[in-house]
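K.L.:
Okay, here's the structure, questions in a sec.
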Amino acid sequence: MASITKPACWWTGNQVRYDTLIALPYAANQLPGMSAEVEVVVANYDDVLLIPAAAVVDSNERHYCWISGASGPERIEIELGDQGESFYVVQSGLSAGDDIYMNPFAFETLAEQMEPSEEDPNNLDEPSE
């Protein structure tokens, strides 16, 4: 047996499939040729904050989401951990009870207006003449 898996040389859509050998305990009702469905748990978390992947915006290798702030929608940077099928583990930036917006791209125009661009002559990061 190999210690490193290798692809089974076929895939469906965006899923890569791996040939895997699973040892099952003996059961009298198991017969050769039977199939089984196996779920492999890679990580298990207790008491963590999750955010739906649909609420996360990726920009310049950073992650953001929009929350309901005191003066309206507010974009905040968040640090993400592992990702499941539809949720991310939140490492920092959000607190339990924060109201997040599930349609973050509706606010991206607002975010672009908030950040000065590199070509903007009024960019405050550059010294004025």
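Quick note on naming: the chains in the structure tokens go A, B, ... in the order shown, residues restart at 1 in each chain, and ligands are numbered from 1 in order of appearance.
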Residues at most 8 Å from Pro104 (chain A), counting only C-alpha atoms, excluding those fewer than 2 positions away in the same chain, as a list in words?

P.N.:
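My reading of the contact set: Ala54, Ala55, Val56, Val57, Cys65, Trp66, Tyr101, Met102, Ala106, Phe107 and Glu108 of chain A.
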
K.L.:
Put those residues in a file: N, CA and C atoms, as a compact mmCIF listing (two decimals), in the first residue's frame.

P.N.:
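Written out: result-v8.txt:
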```
# COMPACT_ATOMS: atom_id res chain seq x y z
N ALA A 54 -21.22 32.08 0.74
CA ALA A 54 -21.89 33.08 -0.10
C ALA A 54 -21.77 34.49 0.46
N ALA A 55 -21.43 34.63 1.74
CA ALA A 55 -21.32 35.95 2.36
C ALA A 55 -19.89 36.50 2.33
N VAL A 56 -18.96 35.74 1.77
CA VAL A 56 -17.54 36.12 1.79
C VAL A 56 -17.13 36.67 0.43
N VAL A 57 -16.36 37.77 0.46
CA VAL A 57 -15.80 38.36 -0.75
C VAL A 57 -14.28 38.24 -0.65
N CYS A 65 -16.39 40.55 4.55
CA CYS A 65 -17.84 40.36 4.55
C CYS A 65 -18.47 41.69 4.94
N TRP A 66 -19.75 41.80 4.74
CA TRP A 66 -20.48 43.01 5.08
C TRP A 66 -21.37 42.72 6.28
N TYR A 101 -24.50 40.30 5.83
CA TYR A 101 -25.31 40.37 4.62
C TYR A 101 -24.95 39.19 3.74
N MET A 102 -25.97 38.53 3.22
CA MET A 102 -25.77 37.37 2.36
C MET A 102 -25.58 37.75 0.90
N ALA A 106 -23.64 43.17 -3.69
CA ALA A 106 -24.49 44.34 -3.83
C ALA A 106 -23.81 45.58 -3.26
N PHE A 107 -22.82 45.39 -2.38
CA PHE A 107 -22.14 46.50 -1.74
C PHE A 107 -20.75 46.77 -2.32
N GLU A 108 -20.31 45.99 -3.28
CA GLU A 108 -18.95 46.15 -3.79
C GLU A 108 -18.74 47.50 -4.49
```

K.L.:
For Asp58 (chain A), work out the shell of residues within 12 Å, counting only C-alpha atoms and skipping chain neighbours fewer than 5 positions away, then give it as a PyMOL selection string.

P.N.:
chain A and resi 53+63-65+76-80+104-105+108

K.L.:
Write the residues you've just listed into a file as an mmCIF file, in the first residue's frame, and include N, CA and C atoms for each of them.

P.N.:
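Writing the result to part_16.cif gives the following:
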```
data_model
loop_
_atom_site.group_PDB
_atom_site.id
_atom_site.type_symbol
_atom_site.label_atom_id
_atom_site.label_comp_id
_atom_site.auth_asym_id
_atom_site.auth_seq_id
_atom_site.Cartn_x
_atom_site.Cartn_y
_atom_site.Cartn_z
ATOM 1 N N ALA A 53 -20.230 30.595 2.836
ATOM 2 C CA ALA A 53 -19.303 30.976 1.771
ATOM 3 C C ALA A 53 -19.905 32.061 0.886
ATOM 4 N N HIS A 63 -9.971 38.459 2.760
ATOM 5 C CA HIS A 63 -11.377 38.055 2.816
ATOM 6 C C HIS A 63 -12.168 39.119 3.568
ATOM 7 N N TYR A 64 -13.338 39.429 3.031
ATOM 8 C CA TYR A 64 -14.201 40.445 3.620
ATOM 9 C C TYR A 64 -15.622 39.923 3.696
ATOM 10 N N CYS A 65 -16.395 40.554 4.553
ATOM 11 C CA CYS A 65 -17.840 40.362 4.547
ATOM 12 C C CYS A 65 -18.466 41.695 4.939
ATOM 13 N N ILE A 76 -15.950 44.597 6.578
ATOM 14 C CA ILE A 76 -14.897 44.278 7.533
ATOM 15 C C ILE A 76 -14.035 43.151 6.972
ATOM 16 N N GLU A 77 -12.766 43.185 7.335
ATOM 17 C CA GLU A 77 -11.857 42.119 6.928
ATOM 18 C C GLU A 77 -11.957 40.988 7.942
ATOM 19 N N ILE A 78 -11.993 39.768 7.433
ATOM 20 C CA ILE A 78 -12.078 38.613 8.303
ATOM 21 C C ILE A 78 -10.959 37.639 7.955
ATOM 22 N N GLU A 79 -10.535 36.879 8.943
ATOM 23 C CA GLU A 79 -9.534 35.835 8.722
ATOM 24 C C GLU A 79 -10.270 34.504 8.771
ATOM 25 N N LEU A 80 -10.089 33.707 7.715
ATOM 26 C CA LEU A 80 -10.816 32.452 7.597
ATOM 27 C C LEU A 80 -9.909 31.265 7.859
ATOM 28 N N PRO A 104 -23.141 40.079 -0.553
ATOM 29 C CA PRO A 104 -22.048 41.043 -0.409
ATOM 30 C C PRO A 104 -21.717 41.790 -1.693
ATOM 31 N N PHE A 105 -21.963 41.211 -2.842
ATOM 32 C CA PHE A 105 -21.602 41.885 -4.087
ATOM 33 C C PHE A 105 -22.513 43.076 -4.374
ATOM 34 N N GLU A 108 -20.306 45.992 -3.279
ATOM 35 C CA GLU A 108 -18.949 46.155 -3.789
ATOM 36 C C GLU A 108 -18.743 47.504 -4.485
#
```

K.L.:
Go ahead and compute the interatomic distance for CA of Gln83 (chain A) and CA of Ala23 (chain A), in Å to one decimal.

P.N.:
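Here the two named atoms are 27.7 Å from each other.
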
K.L.:
List the spatial neighbours of region 33-39 of chain A as a PyMOL selection string - criterion: any atom at most 12 Å away, only C-alpha atoms, same-chain residues fewer than 2 positions off excluded.

P.N.:
chain A and resi 20-24+29-31+41-43

K.L.:
Would you save the residues from that selection as a short mmCIF file (atom, residue, chain, number, x, y, z; two decimals), in the first residue's frame, using N, CA and C atoms?

P.N.:
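selection-v2.cif, written as the output of this step:
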```cif
data_model
loop_
_atom_site.label_atom_id
_atom_site.label_comp_id
_atom_site.auth_asym_id
_atom_site.auth_seq_id
_atom_site.Cartn_x
_atom_site.Cartn_y
_atom_site.Cartn_z
N THR A 20 -9.43 4.16 -3.16
CA THR A 20 -9.12 4.06 -1.74
C THR A 20 -9.50 2.67 -1.24
N LEU A 21 -8.70 2.10 -0.38
CA LEU A 21 -9.02 0.84 0.25
C LEU A 21 -9.48 1.12 1.68
N ILE A 22 -10.65 0.58 2.03
CA ILE A 22 -11.21 0.76 3.36
C ILE A 22 -11.38 -0.62 3.99
N ALA A 23 -10.89 -0.81 5.18
CA ALA A 23 -11.07 -2.08 5.90
C ALA A 23 -12.33 -1.98 6.75
N LEU A 24 -13.25 -2.90 6.55
CA LEU A 24 -14.49 -2.92 7.31
C LEU A 24 -14.47 -4.08 8.30
N ASN A 29 -23.64 -10.26 6.95
CA ASN A 29 -24.43 -9.90 5.77
C ASN A 29 -23.60 -9.26 4.66
N GLN A 30 -22.29 -9.18 4.79
CA GLN A 30 -21.44 -8.62 3.74
C GLN A 30 -21.08 -9.73 2.75
N LEU A 31 -21.23 -9.39 1.47
CA LEU A 31 -20.91 -10.35 0.42
C LEU A 31 -19.97 -9.70 -0.58
N VAL A 41 -13.92 11.87 7.41
CA VAL A 41 -13.89 13.11 8.18
C VAL A 41 -12.44 13.56 8.29
N VAL A 42 -12.14 14.70 7.69
CA VAL A 42 -10.78 15.23 7.69
C VAL A 42 -10.53 16.08 8.93
N ALA A 43 -11.54 16.82 9.36
CA ALA A 43 -11.41 17.65 10.55
C ALA A 43 -12.77 17.72 11.23
#
```

K.L.:
With distances taken over only C-alpha atoms, which residue among A:Arg17, A:Asp99, A:Pro25, A:Asn60 lies nearest Glu74 (chain A)?

P.N.:
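Closest residue, counting only C-alpha atoms: A:Asp99.
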
K.L.:
Counting only C-alpha atoms, which residue out of A:Asp47, A:Ala28, A:Arg75, A:Gly69 sits closest to Val89 (chain A)?

P.N.:
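Ranking A:Asp47, A:Ala28, A:Arg75, A:Gly69 by distance to Val89 (chain A), first place goes to A:Asp47.
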
K.L.:
What does the structure give for the distance between CA of Ser59 (chain A) and CA of Gly93 (chain A), in Å to one decimal?

P.N.:
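Atom-to-atom, CA of Ser59 (chain A) and CA of Gly93 (chain A) are spaced 15.6 Å apart.
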
K.L.:
Using DSSP on the backbone, list every residue of region 23-65 of chain A that comes out as strand (DSSP E), and give them as a VMD selection string.

P.N.:
chain A and resid 50 to 52 57 to 59 62 to 65

K.L.:
Just write the chosen residues, C-alpha atoms, as a PDB file, in the first residue's frame.

P.N.:
```pdb
ATOM      1  CA  LEU A  50     -19.012  29.743  10.845  1.00  0.00           C
ATOM      2  CA  ILE A  51     -19.872  32.046   7.951  1.00  0.00           C
ATOM      3  CA  PRO A  52     -21.653  30.969   4.771  1.00  0.00           C
ATOM      4  CA  VAL A  57     -15.796  38.363  -0.749  1.00  0.00           C
ATOM      5  CA  ASP A  58     -12.191  37.612  -1.755  1.00  0.00           C
ATOM      6  CA  SER A  59     -10.074  40.572  -2.846  1.00  0.00           C
ATOM      7  CA  ARG A  62      -7.881  39.013   1.695  1.00  0.00           C
ATOM      8  CA  HIS A  63     -11.377  38.055   2.816  1.00  0.00           C
ATOM      9  CA  TYR A  64     -14.201  40.445   3.620  1.00  0.00           C
ATOM     10  CA  CYS A  65     -17.840  40.362   4.547  1.00  0.00           C
TER      11      CYS A  65
END
```

K.L.:
Return the single residue from A:Tyr45, A:Asp19, A:Pro32, A:Ile67 that is closest to Gly84 (chain A), with distances computed using only C-alpha atoms.

P.N.:
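Result for the nearest residue to Gly84 (chain A): A:Tyr45.
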
K.L.:
Give the helix (DSSP H, G or I) residues of region 27-121 of chain A, as DSSP finds them on the backbone, and put them as a PyMOL selection string.

P.N.:
chain A and resi 53-55+104-114

K.L.:
Store the residues picked out above, limited to C-alpha atoms, as a PDB file, in the first residue's frame.

P.N.:
```
ATOM      1  CA  ALA A  53     -19.303  30.976   1.771  1.00  0.00           C
ATOM      2  CA  ALA A  54     -21.888  33.080  -0.101  1.00  0.00           C
ATOM      3  CA  ALA A  55     -21.317  35.953   2.362  1.00  0.00           C
ATOM      4  CA  PRO A 104     -22.048  41.043  -0.409  1.00  0.00           C
ATOM      5  CA  PHE A 105     -21.602  41.885  -4.087  1.00  0.00           C
ATOM      6  CA  ALA A 106     -24.495  44.341  -3.826  1.00  0.00           C
ATOM      7  CA  PHE A 107     -22.136  46.500  -1.744  1.00  0.00           C
ATOM      8  CA  GLU A 108     -18.949  46.155  -3.789  1.00  0.00           C
ATOM      9  CA  THR A 109     -19.642  49.384  -5.718  1.00  0.00           C
ATOM     10  CA  LEU A 110     -19.855  51.118  -2.350  1.00  0.00           C
ATOM     11  CA  ALA A 111     -16.525  49.563  -1.346  1.00  0.00           C
ATOM     12  CA  GLU A 112     -14.853  50.746  -4.551  1.00  0.00           C
ATOM     13  CA  GLN A 113     -16.018  54.286  -3.797  1.00  0.00           C
ATOM     14  CA  MET A 114     -14.627  54.041  -0.259  1.00  0.00           C
TER      15      MET A 114
END
```

K.L.:
Of the residues A:Ala27, A:Val40, A:Tyr18, A:Leu49, which is the one nearest to Tyr88 (chain A), using only C-alpha atoms?

P.N.:
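Ranked by minimum distance to Tyr88 (chain A), first place goes to A:Leu49.
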